[in-house]
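What follows is the content of start-v2.txt (compact mmCIF, C-alpha atoms and all ligand atoms).
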```txt
# COMPACT_ATOMS: atom_id res chain seq x y z
CA MET A 1 263.53 16.83 172.54
CA SER A 2 263.10 18.13 169.06
CA HIS A 3 260.87 21.13 169.68
CA GLY A 4 261.84 21.97 173.24
CA HIS A 5 258.20 21.55 174.26
CA ALA A 6 256.57 18.88 176.35
CA LEU A 7 253.14 19.83 175.04
CA GLN A 8 251.74 22.20 172.48
CA ILE A 9 248.12 23.25 172.34
CA LYS A 10 247.50 24.71 168.89
CA ASN A 11 244.32 26.58 168.01
CA VAL A 12 242.11 24.18 169.92
CA THR A 13 238.37 24.75 169.55
CA LYS A 14 235.57 22.56 170.90
CA ARG A 15 231.96 23.00 169.92
CA PHE A 16 229.18 21.06 171.62
CA GLY A 17 225.63 20.68 170.30
CA GLY A 18 223.25 23.62 170.68
CA GLY A 19 225.83 26.13 169.50
CA ILE A 20 227.95 25.96 172.66
CA VAL A 21 231.57 26.82 172.01
CA ALA A 22 233.27 25.52 175.14
CA VAL A 23 236.86 26.32 174.07
CA ARG A 24 237.81 28.71 171.29
CA ASP A 25 241.15 28.94 169.57
CA MET A 26 243.30 28.17 172.61
CA SER A 27 247.06 27.99 172.01
CA PHE A 28 249.91 27.66 174.46
CA ASP A 29 253.05 25.59 174.97
CA VAL A 30 254.32 23.73 178.00
CA LYS A 31 258.06 23.31 178.44
CA PRO A 32 259.62 20.16 179.87
CA GLY A 33 259.57 20.28 183.66
CA GLU A 34 257.25 23.27 183.72
CA PHE A 35 254.28 23.58 186.09
CA ILE A 36 251.39 25.35 184.40
CA SER A 37 248.02 26.15 185.91
CA VAL A 38 244.98 26.83 183.78
CA ILE A 39 242.58 29.02 185.68
CA GLY A 40 239.18 30.39 184.78
CA PRO A 41 235.67 30.98 186.10
CA SER A 42 233.20 28.15 186.47
CA GLY A 43 231.95 26.94 183.10
CA CYS A 44 234.75 28.54 181.06
CA GLY A 45 235.81 25.26 179.48
CA LYS A 46 238.62 24.11 181.79
CA SER A 47 237.37 20.54 182.07
CA THR A 48 236.73 20.41 178.35
CA LEU A 49 240.34 21.42 177.74
CA PHE A 50 241.48 18.80 180.27
CA ASN A 51 239.46 16.14 178.48
CA ILE A 52 240.94 17.14 175.13
CA ILE A 53 244.52 17.09 176.42
CA GLY A 54 243.91 13.84 178.30
CA GLY A 55 242.58 12.25 175.12
CA PHE A 56 239.06 11.71 176.51
CA ILE A 57 237.51 14.05 173.93
CA LYS A 58 238.73 13.15 170.47
CA ASP A 59 236.47 15.24 168.32
CA TYR A 60 237.77 18.84 168.29
CA ASP A 61 239.43 21.33 165.98
CA GLY A 62 243.10 22.21 166.27
CA GLU A 63 245.98 20.14 167.51
CA VAL A 64 247.43 18.82 170.74
CA VAL A 65 251.04 17.80 170.22
CA LEU A 66 252.90 15.86 172.82
CA ASP A 67 256.68 15.97 173.01
CA GLY A 68 256.76 17.00 169.36
CA GLN A 69 255.22 13.71 168.22
CA GLY A 70 253.08 11.59 170.57
CA LYS A 71 249.30 11.73 170.53
CA PRO A 72 247.23 12.53 173.58
CA GLY A 73 245.60 9.43 174.96
CA ASP A 74 248.89 7.54 174.74
CA ARG A 75 249.81 6.42 178.20
CA THR A 76 252.29 9.27 178.40
CA ILE A 77 249.73 11.52 180.07
CA GLY A 78 248.84 10.67 183.65
CA THR A 79 245.59 12.08 185.01
CA VAL A 80 244.33 12.90 188.49
CA PHE A 81 240.68 13.87 188.79
CA GLN A 82 238.68 15.97 191.18
CA GLU A 83 236.52 13.02 192.09
CA GLU A 84 237.87 10.28 194.25
CA SER A 85 239.49 7.73 192.04
CA THR A 86 241.16 5.33 194.45
CA PHE A 87 239.87 1.76 194.44
CA PRO A 88 238.09 1.23 197.78
CA TRP A 89 238.87 -2.51 197.78
CA ARG A 90 242.61 -1.99 197.45
CA THR A 91 245.09 -0.80 200.08
CA THR A 92 247.32 2.22 199.45
CA LEU A 93 250.11 -0.05 198.24
CA GLN A 94 247.77 -2.04 196.02
CA ASN A 95 246.27 1.16 194.61
CA VAL A 96 249.67 2.58 193.68
CA MET A 97 250.80 -0.76 192.24
CA PHE A 98 247.72 -1.08 190.04
CA PRO A 99 249.03 0.56 186.82
CA LEU A 100 252.35 -1.25 187.26
CA GLU A 101 250.51 -4.57 187.36
CA ALA A 102 248.70 -3.58 184.20
CA ILE A 103 252.00 -3.20 182.33
CA GLY A 104 253.31 -6.49 183.73
CA MET A 105 256.11 -5.11 185.92
CA PRO A 106 257.63 -7.89 188.04
CA LYS A 107 256.28 -8.00 191.59
CA LYS A 108 259.45 -7.05 193.47
CA GLU A 109 260.10 -4.05 191.25
CA ARG A 110 256.46 -3.04 191.43
CA ILE A 111 256.46 -3.04 195.24
CA GLU A 112 259.71 -1.08 195.40
CA ARG A 113 258.46 1.49 192.93
CA ALA A 114 255.09 1.86 194.66
CA GLU A 115 256.79 2.25 198.05
CA HIS A 116 259.05 4.94 196.65
CA PHE A 117 256.10 7.00 195.43
CA ILE A 118 254.14 6.40 198.63
CA ARG A 119 257.09 7.89 200.54
CA LEU A 120 257.28 10.76 198.07
CA VAL A 121 253.69 11.81 198.77
CA GLY A 122 254.22 11.33 202.52
CA LEU A 123 252.04 8.27 203.05
CA GLU A 124 254.63 5.94 204.52
CA GLY A 125 253.08 3.94 207.34
CA PHE A 126 249.73 3.83 205.51
CA GLU A 127 250.68 1.24 202.87
CA ASN A 128 248.24 -1.33 204.20
CA ASN A 129 245.30 0.95 204.89
CA TYR A 130 242.20 1.04 202.74
CA PRO A 131 240.94 4.37 201.31
CA SER A 132 238.04 4.39 203.80
CA GLU A 133 240.61 4.53 206.61
CA LEU A 134 242.30 7.62 205.13
CA SER A 135 241.35 11.32 204.98
CA GLY A 136 240.29 12.94 201.70
CA GLY A 137 243.72 14.58 201.35
CA MET A 138 245.44 11.24 201.86
CA ARG A 139 243.24 9.59 199.27
CA GLN A 140 244.13 12.28 196.75
CA ARG A 141 247.81 11.74 197.56
CA THR A 142 247.30 8.04 196.90
CA ALA A 143 245.83 8.93 193.51
CA ILE A 144 248.78 11.24 192.78
CA ALA A 145 251.31 8.54 193.81
CA ARG A 146 249.52 6.02 191.60
CA THR A 147 249.71 8.35 188.62
CA LEU A 148 253.34 9.36 189.23
CA ALA A 149 254.47 5.74 189.69
CA PHE A 150 253.53 5.22 186.09
CA ASP A 151 256.13 7.81 185.07
CA PRO A 152 253.91 9.93 182.82
CA LYS A 153 255.55 12.49 180.58
CA ILE A 154 252.86 14.91 181.62
CA LEU A 155 250.85 14.99 184.81
CA LEU A 156 247.40 16.41 184.16
CA MET A 157 245.33 17.30 187.22
CA ASP A 158 241.75 18.60 187.20
CA GLU A 159 241.03 20.41 190.47
CA PRO A 160 242.51 17.56 192.52
CA PHE A 161 242.12 19.47 195.80
CA ALA A 162 238.73 21.06 195.17
CA ALA A 163 236.89 18.86 197.65
CA LEU A 164 239.38 19.49 200.48
CA ASP A 165 239.33 22.12 203.18
CA GLU A 166 241.58 25.16 202.77
CA GLN A 167 244.28 24.12 205.28
CA THR A 168 244.61 20.62 203.88
CA ARG A 169 244.76 22.14 200.45
CA LEU A 170 247.64 24.45 201.42
CA LEU A 171 249.60 21.64 203.03
CA LEU A 172 249.03 19.44 200.01
CA GLY A 173 250.29 22.33 197.90
CA ASP A 174 253.54 22.13 199.88
CA LYS A 175 253.72 18.43 199.10
CA VAL A 176 253.17 19.09 195.41
CA LEU A 177 255.96 21.71 195.49
CA GLN A 178 258.35 19.19 197.06
CA ILE A 179 257.44 16.56 194.50
CA GLN A 180 257.90 19.05 191.70
CA GLN A 181 261.30 19.97 193.09
CA GLU A 182 262.37 16.34 193.20
CA LEU A 183 260.90 14.96 189.97
CA GLU A 184 260.77 18.03 187.73
CA GLN A 185 257.55 16.55 186.48
CA THR A 186 255.88 18.48 183.67
CA THR A 187 252.47 19.31 185.13
CA LEU A 188 249.28 20.94 183.96
CA LEU A 189 246.86 21.82 186.75
CA ILE A 190 243.30 22.88 186.08
CA THR A 191 241.97 24.98 188.92
CA HIS A 192 239.73 27.86 189.87
CA ASN A 193 241.79 28.62 192.95
CA ILE A 194 244.02 31.67 192.45
CA THR A 195 246.31 31.19 195.45
CA GLU A 196 246.88 27.56 194.53
CA ALA A 197 247.78 28.56 190.98
CA VAL A 198 250.27 31.20 192.15
CA GLN A 199 251.74 28.99 194.88
CA LEU A 200 252.51 26.11 192.54
CA SER A 201 253.06 27.40 189.03
CA ASP A 202 255.78 28.65 186.74
CA ARG A 203 253.10 30.21 184.55
CA VAL A 204 249.36 30.71 184.91
CA VAL A 205 247.08 30.54 181.87
CA VAL A 206 243.97 32.66 182.49
CA MET A 207 240.88 31.70 180.52
CA SER A 208 237.93 33.91 179.69
CA TYR A 209 234.31 32.94 180.25
CA ARG A 210 232.39 31.45 177.33
CA PRO A 211 233.70 30.86 174.87
CA GLY A 212 236.79 29.76 176.80
CA THR A 213 239.65 31.59 175.17
CA LEU A 214 243.11 32.42 176.40
CA LYS A 215 242.98 35.78 178.15
CA ARG A 216 246.53 36.08 179.42
CA ILE A 217 249.55 34.04 180.45
CA ILE A 218 251.13 35.30 183.66
CA PRO A 219 254.68 34.21 184.52
CA ILE A 220 255.04 33.54 188.25
CA ASP A 221 258.41 35.02 189.06
CA LEU A 222 258.54 33.76 192.66
CA PRO A 223 261.79 32.00 193.60
CA ARG A 224 261.95 28.23 194.02
CA PRO A 225 262.18 26.18 196.14
CA ARG A 226 258.86 27.46 197.46
CA SER A 227 256.58 26.53 200.30
CA SER A 228 253.20 27.89 201.33
CA GLU A 229 255.09 30.51 203.39
CA ILE A 230 255.64 32.42 200.18
CA MET A 231 251.99 33.40 200.38
CA SER A 232 252.81 36.12 202.87
CA SER A 233 255.25 37.83 200.50
CA GLU A 234 254.40 41.10 198.79
CA ARG A 235 255.02 39.70 195.32
CA PHE A 236 252.62 36.82 195.99
CA GLY A 237 249.89 39.33 196.83
CA GLN A 238 250.61 41.33 193.69
CA LEU A 239 250.38 38.25 191.48
CA VAL A 240 247.12 37.13 193.10
CA GLY A 241 245.76 40.65 192.60
CA MET A 242 246.82 40.67 188.98
CA ILE A 243 245.11 37.35 188.24
CA TRP A 244 241.99 38.32 190.15
CA SER A 245 241.59 41.53 188.19
CA ASP A 246 241.68 39.45 184.99
CA LEU A 247 239.32 36.85 186.39
CA ARG A 248 236.92 39.22 188.07
CA GLU A 249 235.61 40.52 184.80
CA GLU A 250 235.17 37.00 183.45
CA ALA A 251 233.62 35.58 186.60
CA SER A 252 231.08 38.39 186.84
CA ARG A 253 230.16 37.92 183.19
CA GLY A 254 229.61 34.23 183.95
CA MET A 255 227.52 35.03 187.01
CA GLN A 256 225.34 37.52 185.13
CA GLU A 257 224.69 35.00 182.37
CA THR A 258 223.75 32.30 184.84
CA GLU A 259 221.43 34.65 186.70
CA ARG A 260 219.82 35.83 183.47
CA LYS A 261 219.16 32.25 182.47
CA ARG A 262 217.61 31.48 185.87
CA ALA A 263 215.35 34.49 185.62
CA SER A 264 214.05 33.64 182.15
N1 LIG A 301 229.14 17.14 176.90
C1 LIG A 301 228.72 18.41 176.82
N2 LIG A 301 227.68 18.75 176.02
C2 LIG A 301 227.26 20.03 175.91
N3 LIG A 301 227.83 21.06 176.57
C3 LIG A 301 228.85 20.80 177.37
C4 LIG A 301 229.36 19.46 177.55
N4 LIG A 301 230.41 19.52 178.42
C5 LIG A 301 230.53 20.80 178.77
N5 LIG A 301 229.63 21.58 178.14
C6 LIG A 301 229.48 23.04 178.27
O1 LIG A 301 230.71 23.63 177.91
C7 LIG A 301 231.02 24.73 178.76
C8 LIG A 301 232.35 24.49 179.44
O2 LIG A 301 232.22 23.41 180.39
P1 LIG A 301 233.43 22.86 181.28
O3 LIG A 301 232.91 21.79 182.14
O4 LIG A 301 234.56 22.54 180.39
O5 LIG A 301 233.78 24.15 182.15
P2 LIG A 301 234.68 24.27 183.47
O6 LIG A 301 235.44 25.52 183.30
O7 LIG A 301 235.41 23.02 183.68
O8 LIG A 301 233.58 24.45 184.61
P3 LIG A 301 233.72 24.13 186.19
O9 LIG A 301 234.78 25.02 186.72
O10 LIG A 301 232.35 24.48 186.69
O11 LIG A 301 234.03 22.68 186.29
C9 LIG A 301 229.87 24.83 179.74
O12 LIG A 301 229.01 25.82 179.27
C10 LIG A 301 229.20 23.49 179.69
O13 LIG A 301 227.83 23.59 179.95
```

Show me the file's structure as C-alpha cells.
Amino acid sequence: MSHGHALQIKNVTKRFGGGIVAVRDMSFDVKPGEFISVIGPSGCGKSTLFNIIGGFIKDYDGEVVLDGQGKPGDRTIGTVFQEESTFPWRTTLQNVMFPLEAIGMPKKERIERAEHFIRLVGLEGFENNYPSELSGGMRQRTAIARTLAFDPKILLMDEPFAALDEQTRLLLGDKVLQIQQELEQTTLLITHNITEAVQLSDRVVVMSYRPGTLKRIIPIDLPRPRSSEIMSSERFGQLVGMIWSDLREEASRGMQETERKRAS
C-alpha cells in the first residue's frame, strides 16, 4: 500500500441548503486493519459523513481517498445500515449469497463462501430461516455477513446495533471483536454509544455538534484480544469518562439548540 492508509478523509465539508453546515473541515486517516469509531451527539453530521465516505453523497468539498487511489462508491466499501436491510423473501443463506450472485461467482463457491461468513457471525443452523424467523440481532448479523462475504476493503457501519437492546448489543460487540480478530477488517463505525466505541475501537474520533468538526481523536489503549469483560476494567472506565467529558459539552449544546428551536 503506497500511503500506508486504508482511507484518508481530507478537509471534508458538506453544506446543505438553508446555510446548514453538516460537516466542517473534517480530516483523519484510517490505517489498514484499524477499527475506528466516529462518535458525536445527535445531529452532529455522523450520517452525512457516512454517506460521503460510502459514496452516497457526491457533492461535497474536500477529498475522500481510498487506499491511496480508489474512489468512494467503488465496490470496495461495504456498508451496514441502522435500518434493517435483509431481504425478507430470502433465507439467511440466500441473503448472504446475494452480492456474490451479482458478481457472477459460481454457485458452489458462492455457497461455500456464504456458509463461511454465516459461521463467522455465529448463525450456523439458521441458513434456511427467513429474516422474520430471526431476532433483530440475528438479522443485523446476516447483514454483516452479507457485507463481509463481498470482501470489502473497508467496512462502514452506521449505528448497526442502535435498534437492539443493551444486552444483545454487548454480545454482538463480542462477535464483532472476534470477527475483527480473525479478518483484520478495516472498519469505520458510526455510533453515539460511548461504551460500544471504547469496547470495539483502536481509535475513537469525537465530533462536535454543528457544524460537525473533529473535536479529538482518542487512542483506545486497551489490550486485544478483547471481549465485553474489559468493560469492568479501570482503564475502560477512564476512557469512557474521557470521551463523555468531550461529548457532554457538545451534546448539551445540541440539546439547548433543539429546545430553543422548539420554544420559538
Ligand atoms: N439532506 C439534507 N438536507 C438538509 N439538511 C440535512 C440533510 N441531511 C442532514 N441534514 C442536517 O445536517 C445535520 C447533520 O445531520 P446527520 O444526519 O448527518 O447527523 P447525525 O449525527 O447522523 O444525527 P443522528 O445521530 O441523529 O443520526 C443535521 O442538522 C441535519 O438536519

Can you tell me which residues come within 7 Å of ligand LIG 301 (chain A) when counting only C-alpha atoms and all ligand atoms, ideally as number ranges by chain?
A: 16-17, 20-22, 40-49, 192, 210

Go ahead and write the residues just picked, C-alpha atoms, as a compact mmCIF listing (two decimals), in the frame of the given file.
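As a result, again.txt now contains:
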```txt
# COMPACT_ATOMS: atom_id res chain seq x y z
CA PHE A 16 229.18 21.06 171.62
CA GLY A 17 225.63 20.68 170.30
CA ILE A 20 227.95 25.96 172.66
CA VAL A 21 231.57 26.82 172.01
CA ALA A 22 233.27 25.52 175.14
CA GLY A 40 239.18 30.39 184.78
CA PRO A 41 235.67 30.98 186.10
CA SER A 42 233.20 28.15 186.47
CA GLY A 43 231.95 26.94 183.10
CA CYS A 44 234.75 28.54 181.06
CA GLY A 45 235.81 25.26 179.48
CA LYS A 46 238.62 24.11 181.79
CA SER A 47 237.37 20.54 182.07
CA THR A 48 236.73 20.41 178.35
CA LEU A 49 240.34 21.42 177.74
CA HIS A 192 239.73 27.86 189.87
CA ARG A 210 232.39 31.45 177.33
```

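The two atoms in question, CA of Ala145 in chain A and CA of Thr191 in chain A, are spaced 19.5 Å apart.
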
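Proximity to Ser232 in chain A was assessed for A:Gln199, A:Gln180, A:Phe126, A:Leu7 counting all atoms listed in the file; the smallest distance is recorded for A:Gln199.
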
What is the CA of Val96 in chain A to CA of His116 in chain A distance in Å?
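Answer for the CA of Val96 in chain A to CA of His116 in chain A separation: 10.1 Å.
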
Identify which of the residues A:Val23, A:Ala114, A:Ile217, A:Leu188 lies closest to Lys153 in chain A, counting only C-alpha atoms when measuring atom-to-atom distances.
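Result for the nearest residue to Lys153 in chain A: A:Leu188.
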
Could you state the separation of CA of Ser233 in chain A and CA of Leu170 in chain A in Å, given to one decimal place?
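Here the two named atoms are 15.4 Å from each other.
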
Closest of A:Met207, A:Ile144, A:Ile243, A:Leu171 to Phe28 in chain A - atom-to-atom distances counting all atoms listed in the file
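Using all atoms listed in the file, the shortest distance to Phe28 in chain A belongs to A:Met207.
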